[in-house]
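Q: This structure is in structure tokens; I'll ask about it shortly.
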Amino acid sequence: MDGRIKAAIETAVGREPFARSAGIKLVALEEGYSRVEMVYDPARHDNIYGRAHGGAVFGLIDEAFETAGQTDGTVAVAMNVNVTYIASPEPGARLCAEARRIAQTKRTATYDIKVSDGENRLIAVCHALAYRTGKPIPFL
């Protein structure tokens with residue numbers, strides 16, 4: 001992947017308000033692939049039942065999807081995201097979301113995304129479809 005694009009995405013994630021507030025870090029980025037992590041902190045990620053909020057897990061998924069989708073240097077936006085929640089992580093678990101592009105056309109790209117914890121236990125799986133605008137990422 002182009003080094004300028006990689007650096008631009010890494011910088012953008014470091015500045016992104018949502019990623020910063022959720023504690024999400026970009027740890028790997030390649031063409032069509034992204035790996036992001038966050039530590040599940042009950043003080044900021046719990047739901048009313050005292051378990052990980054689905055939105056917190058989805059936020060991690062979306063960050064992996066977002067970053068993997070931009071690796072060609074153009075803007076891609078979500079068209080459809082289907083998440084299946086498998087298990088609830090334990091407090092303090094390091095959650096990892098890995099997004100892999102599995103197909104791409106001129107206008108769409110499809111990604112498989114998996115979330116696991118530090119014990120390699122599956123937390124959620126996702127199948128996502130992006131619309132490829134063809135416009136260059138604005139922060140490049």
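Ligands are numbered from 1 in the order shown, residues from 1 within each chain, and chains are lettered A, B, ... in the order they appear in the structure tokens.
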Identify, on the basis of only C-alpha atoms, every residue whose closest approach to range 73-75 of chain A does not exceed 7 Å; exclude the query and any residue fewer than 6 positions from it along the same chain; express the result as a ChimeraX atom specification.

A: /A:5,132-137

Q: Can you write out the residues you just picked, keeping all heavy atoms, as a PDB file, in the first residue's frame?

A:
```pdb
ATOM      1  N   ILE A   5      -0.578   7.199   1.931  1.00  0.00           N
ATOM      2  CA  ILE A   5      -1.960   6.896   2.326  1.00  0.00           C
ATOM      3  C   ILE A   5      -1.971   6.289   3.719  1.00  0.00           C
ATOM      4  O   ILE A   5      -2.775   6.684   4.577  1.00  0.00           O
ATOM      5  CB  ILE A   5      -2.628   5.957   1.298  1.00  0.00           C
ATOM      6  CG1 ILE A   5      -2.779   6.675  -0.044  1.00  0.00           C
ATOM      7  CG2 ILE A   5      -3.966   5.453   1.815  1.00  0.00           C
ATOM      8  CD1 ILE A   5      -3.180   5.761  -1.194  1.00  0.00           C
ATOM      9  N   ARG A 132     -17.913   2.822  -2.728  1.00  0.00           N
ATOM     10  CA  ARG A 132     -16.657   3.487  -3.071  1.00  0.00           C
ATOM     11  C   ARG A 132     -16.977   4.725  -3.906  1.00  0.00           C
ATOM     12  O   ARG A 132     -17.423   4.605  -5.036  1.00  0.00           O
ATOM     13  CB  ARG A 132     -15.754   2.520  -3.826  1.00  0.00           C
ATOM     14  CG  ARG A 132     -15.479   1.258  -3.005  1.00  0.00           C
ATOM     15  CD  ARG A 132     -14.615   0.245  -3.726  1.00  0.00           C
ATOM     16  NE  ARG A 132     -13.294   0.817  -3.879  1.00  0.00           N
ATOM     17  CZ  ARG A 132     -12.640   0.894  -5.033  1.00  0.00           C
ATOM     18  NH1 ARG A 132     -13.158   0.429  -6.140  1.00  0.00           N
ATOM     19  NH2 ARG A 132     -11.443   1.441  -5.081  1.00  0.00           N
ATOM     20  N   THR A 133     -16.762   5.905  -3.336  1.00  0.00           N
ATOM     21  CA  THR A 133     -17.140   7.153  -4.003  1.00  0.00           C
ATOM     22  C   THR A 133     -16.191   7.516  -5.149  1.00  0.00           C
ATOM     23  O   THR A 133     -16.574   8.284  -6.026  1.00  0.00           O
ATOM     24  CB  THR A 133     -17.147   8.326  -3.015  1.00  0.00           C
ATOM     25  OG1 THR A 133     -15.809   8.593  -2.581  1.00  0.00           O
ATOM     26  CG2 THR A 133     -18.050   8.032  -1.818  1.00  0.00           C
ATOM     27  N   GLY A 134     -14.970   7.036  -5.090  1.00  0.00           N
ATOM     28  CA  GLY A 134     -13.980   7.424  -6.081  1.00  0.00           C
ATOM     29  C   GLY A 134     -13.294   8.749  -5.761  1.00  0.00           C
ATOM     30  O   GLY A 134     -12.338   9.135  -6.428  1.00  0.00           O
ATOM     31  N   LYS A 135     -13.759   9.444  -4.723  1.00  0.00           N
ATOM     32  CA  LYS A 135     -13.155  10.714  -4.325  1.00  0.00           C
ATOM     33  C   LYS A 135     -11.937  10.456  -3.447  1.00  0.00           C
ATOM     34  O   LYS A 135     -11.965   9.562  -2.601  1.00  0.00           O
ATOM     35  CB  LYS A 135     -14.155  11.556  -3.542  1.00  0.00           C
ATOM     36  CG  LYS A 135     -15.379  11.923  -4.340  1.00  0.00           C
ATOM     37  CD  LYS A 135     -16.389  12.661  -3.456  1.00  0.00           C
ATOM     38  CE  LYS A 135     -17.678  12.897  -4.226  1.00  0.00           C
ATOM     39  NZ  LYS A 135     -18.715  13.453  -3.371  1.00  0.00           N
ATOM     40  N   PRO A 136     -10.878  11.247  -3.592  1.00  0.00           N
ATOM     41  CA  PRO A 136      -9.698  11.044  -2.745  1.00  0.00           C
ATOM     42  C   PRO A 136     -10.006  11.371  -1.284  1.00  0.00           C
ATOM     43  O   PRO A 136     -10.818  12.258  -1.003  1.00  0.00           O
ATOM     44  CB  PRO A 136      -8.653  12.017  -3.310  1.00  0.00           C
ATOM     45  CG  PRO A 136      -9.415  12.985  -4.148  1.00  0.00           C
ATOM     46  CD  PRO A 136     -10.695  12.335  -4.554  1.00  0.00           C
ATOM     47  N   ILE A 137      -9.367  10.631  -0.375  1.00  0.00           N
ATOM     48  CA  ILE A 137      -9.572  10.939   1.049  1.00  0.00           C
ATOM     49  C   ILE A 137      -9.111  12.372   1.298  1.00  0.00           C
ATOM     50  O   ILE A 137      -8.052  12.778   0.806  1.00  0.00           O
ATOM     51  CB  ILE A 137      -8.875   9.926   1.970  1.00  0.00           C
ATOM     52  CG1 ILE A 137      -7.397   9.744   1.664  1.00  0.00           C
ATOM     53  CG2 ILE A 137      -9.588   8.588   1.961  1.00  0.00           C
ATOM     54  CD1 ILE A 137      -6.648   8.818   2.596  1.00  0.00           C
TER      55      ILE A 137
END
```

Q: Excluding same-chain residues fewer than 2 positions from Phe139 in chain A, what lies within 8 Å of it counting only C-alpha atoms, as an mmCIF file with C-alpha atoms, in the first residue's frame?

A:
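File produced: out.cif:
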```
data_model
loop_
_atom_site.group_PDB
_atom_site.id
_atom_site.type_symbol
_atom_site.label_atom_id
_atom_site.label_comp_id
_atom_site.auth_asym_id
_atom_site.auth_seq_id
_atom_site.Cartn_x
_atom_site.Cartn_y
_atom_site.Cartn_z
ATOM 1 C CA ALA A 8 -2.477 9.866 6.400
ATOM 2 C CA ILE A 9 -4.932 7.265 7.735
ATOM 3 C CA ALA A 12 -6.427 10.820 10.925
ATOM 4 C CA ILE A 137 -9.572 10.939 1.049
#
```

Q: Would you mind listing what lies within 10 Å of Ala93 in chain A as a ChimeraX atom specification, with only C-alpha atoms counted and same-chain residues fewer than 5 positions away left out?

A: /A:38-41,116-119

Q: Just asking: which residues within range 37-91 of chain A are strand (DSSP E) according to DSSP, as a VMD selection string?

A: chain A and resid 37 to 39 74 to 85

Q: Please produce an output containing N, CA, C and O atoms for each residue in the selection, written as a PDB file, in the first residue's frame.

A:
```
ATOM      1  N   GLU A  37      -7.665  -1.913  18.060  1.00  0.00           N
ATOM      2  CA  GLU A  37      -7.830  -2.475  19.394  1.00  0.00           C
ATOM      3  C   GLU A  37      -8.324  -1.434  20.376  1.00  0.00           C
ATOM      4  O   GLU A  37      -8.105  -0.233  20.192  1.00  0.00           O
ATOM      5  N   MET A  38      -8.978  -1.921  21.415  1.00  0.00           N
ATOM      6  CA  MET A  38      -9.334  -1.092  22.563  1.00  0.00           C
ATOM      7  C   MET A  38      -9.462  -2.002  23.772  1.00  0.00           C
ATOM      8  O   MET A  38      -9.730  -3.199  23.647  1.00  0.00           O
ATOM      9  N   VAL A  39      -9.257  -1.431  24.944  1.00  0.00           N
ATOM     10  CA  VAL A  39      -9.455  -2.163  26.183  1.00  0.00           C
ATOM     11  C   VAL A  39     -10.886  -1.902  26.647  1.00  0.00           C
ATOM     12  O   VAL A  39     -11.319  -0.753  26.728  1.00  0.00           O
ATOM     13  N   THR A  74      -9.127   6.378  -1.492  1.00  0.00           N
ATOM     14  CA  THR A  74     -10.399   7.004  -1.841  1.00  0.00           C
ATOM     15  C   THR A  74     -11.407   6.793  -0.712  1.00  0.00           C
ATOM     16  O   THR A  74     -11.292   5.864   0.080  1.00  0.00           O
ATOM     17  N   VAL A  75     -12.405   7.662  -0.682  1.00  0.00           N
ATOM     18  CA  VAL A  75     -13.442   7.621   0.344  1.00  0.00           C
ATOM     19  C   VAL A  75     -14.398   6.467   0.070  1.00  0.00           C
ATOM     20  O   VAL A  75     -14.922   6.331  -1.039  1.00  0.00           O
ATOM     21  N   ALA A  76     -14.620   5.651   1.096  1.00  0.00           N
ATOM     22  CA  ALA A  76     -15.625   4.590   1.047  1.00  0.00           C
ATOM     23  C   ALA A  76     -16.545   4.800   2.241  1.00  0.00           C
ATOM     24  O   ALA A  76     -16.081   5.126   3.340  1.00  0.00           O
ATOM     25  N   VAL A  77     -17.841   4.638   2.030  1.00  0.00           N
ATOM     26  CA  VAL A  77     -18.819   4.831   3.106  1.00  0.00           C
ATOM     27  C   VAL A  77     -19.668   3.572   3.254  1.00  0.00           C
ATOM     28  O   VAL A  77     -19.884   2.839   2.287  1.00  0.00           O
ATOM     29  N   ALA A  78     -20.152   3.344   4.458  1.00  0.00           N
ATOM     30  CA  ALA A  78     -20.928   2.143   4.744  1.00  0.00           C
ATOM     31  C   ALA A  78     -22.279   2.173   4.028  1.00  0.00           C
ATOM     32  O   ALA A  78     -22.989   3.175   4.053  1.00  0.00           O
ATOM     33  N   MET A  79     -22.617   1.060   3.400  1.00  0.00           N
ATOM     34  CA  MET A  79     -23.944   0.867   2.809  1.00  0.00           C
ATOM     35  C   MET A  79     -24.759  -0.091   3.666  1.00  0.00           C
ATOM     36  O   MET A  79     -25.950   0.094   3.846  1.00  0.00           O
ATOM     37  N   ASN A  80     -24.099  -1.131   4.150  1.00  0.00           N
ATOM     38  CA  ASN A  80     -24.778  -2.140   4.955  1.00  0.00           C
ATOM     39  C   ASN A  80     -23.760  -2.777   5.882  1.00  0.00           C
ATOM     40  O   ASN A  80     -22.672  -3.150   5.438  1.00  0.00           O
ATOM     41  N   VAL A  81     -24.135  -2.904   7.152  1.00  0.00           N
ATOM     42  CA  VAL A  81     -23.272  -3.536   8.141  1.00  0.00           C
ATOM     43  C   VAL A  81     -24.140  -4.504   8.946  1.00  0.00           C
ATOM     44  O   VAL A  81     -25.112  -4.095   9.562  1.00  0.00           O
ATOM     45  N   ASN A  82     -23.778  -5.776   8.912  1.00  0.00           N
ATOM     46  CA  ASN A  82     -24.537  -6.799   9.607  1.00  0.00           C
ATOM     47  C   ASN A  82     -23.647  -7.416  10.675  1.00  0.00           C
ATOM     48  O   ASN A  82     -22.653  -8.063  10.353  1.00  0.00           O
ATOM     49  N   VAL A  83     -24.010  -7.222  11.947  1.00  0.00           N
ATOM     50  CA  VAL A  83     -23.198  -7.695  13.064  1.00  0.00           C
ATOM     51  C   VAL A  83     -23.934  -8.796  13.810  1.00  0.00           C
ATOM     52  O   VAL A  83     -25.122  -8.674  14.092  1.00  0.00           O
ATOM     53  N   THR A  84     -23.207  -9.844  14.144  1.00  0.00           N
ATOM     54  CA  THR A  84     -23.706 -10.889  15.026  1.00  0.00           C
ATOM     55  C   THR A  84     -22.829 -10.878  16.270  1.00  0.00           C
ATOM     56  O   THR A  84     -21.608 -11.064  16.171  1.00  0.00           O
ATOM     57  N   TYR A  85     -23.463 -10.632  17.419  1.00  0.00           N
ATOM     58  CA  TYR A  85     -22.745 -10.631  18.691  1.00  0.00           C
ATOM     59  C   TYR A  85     -22.717 -12.060  19.225  1.00  0.00           C
ATOM     60  O   TYR A  85     -23.755 -12.700  19.353  1.00  0.00           O
TER      61      TYR A  85
END
```

Q: Find the spatial neighbours of His53 in chain A, counting only C-alpha atoms, within a cut-off of 10 Å - ignore same-chain residues fewer than 5 positions away - and output them as a PyMOL selection string.

A: chain A and resi 40+42+44-48+58-59+88

Q: Which neighbours of Leu129 in chain A fall inside 12 Å, counting only C-alpha atoms, when residues of the same chain fewer than 4 positions from it are skipped, and could you give them as JSON, numbers by chain?

A: {"A": [62, 65, 66, 68, 69, 76, 77, 78, 79, 80, 81, 82, 83, 99, 100, 101, 102, 103, 104, 105, 107, 108, 109, 110, 111, 112, 113]}

Q: Calculated over only C-alpha atoms, which of the candidates A:Val27, A:Val36, A:Ala43, A:Val125 has the smallest distance to Glu98 in chain A?

A: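 Under the stated criterion, the closest residue is A:Val36.
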
Q: Given only C-alpha atoms as the basis, pick out the residue of A:Gly50, A:Ala97, A:Gly55, A:Arg4 nearest to Tyr33 in chain A.

A: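 For Tyr33 in chain A, the nearest of the given residues is A:Ala97.
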
Q: Please list as a PyMOL selection string every residue within 6 Å of Ile123 in chain A, counting only C-alpha atoms and excluding residues in the same chain fewer than 4 positions away.

A: chain A and resi 86-87+115-116

Q: Kindly save the residues from that selection, with C-alpha atoms included, as a tab-separated table (two decimals), in the first residue's frame.

A:
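result.tsv was written with the following content:
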```tsv
chain	number	residue	atom	x	y	z
A	86	ILE	CA	-21.33	-13.94	19.93
A	87	ALA	CA	-20.11	-13.31	23.49
A	115	VAL	CA	-13.79	-9.07	17.01
A	116	SER	CA	-11.92	-11.20	19.52
```

Q: What separation in Å, quoted to one decimal, exists between CA of Gly23 in chain A and CA of Glu90 in chain A?

A: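 If I compute the distance from CA of Gly23 in chain A to CA of Glu90 in chain A, I get 16.4 Å.
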
Q: Leaving out Ala7 in chain A and any residue of its chain fewer than 5 positions from it, which residues lie within 12 Å of it when counting only C-alpha atoms, given as a ChimeraX atom specification?

A: /A:1-2,12-14,26,28-30,67,70-71,73,139-140
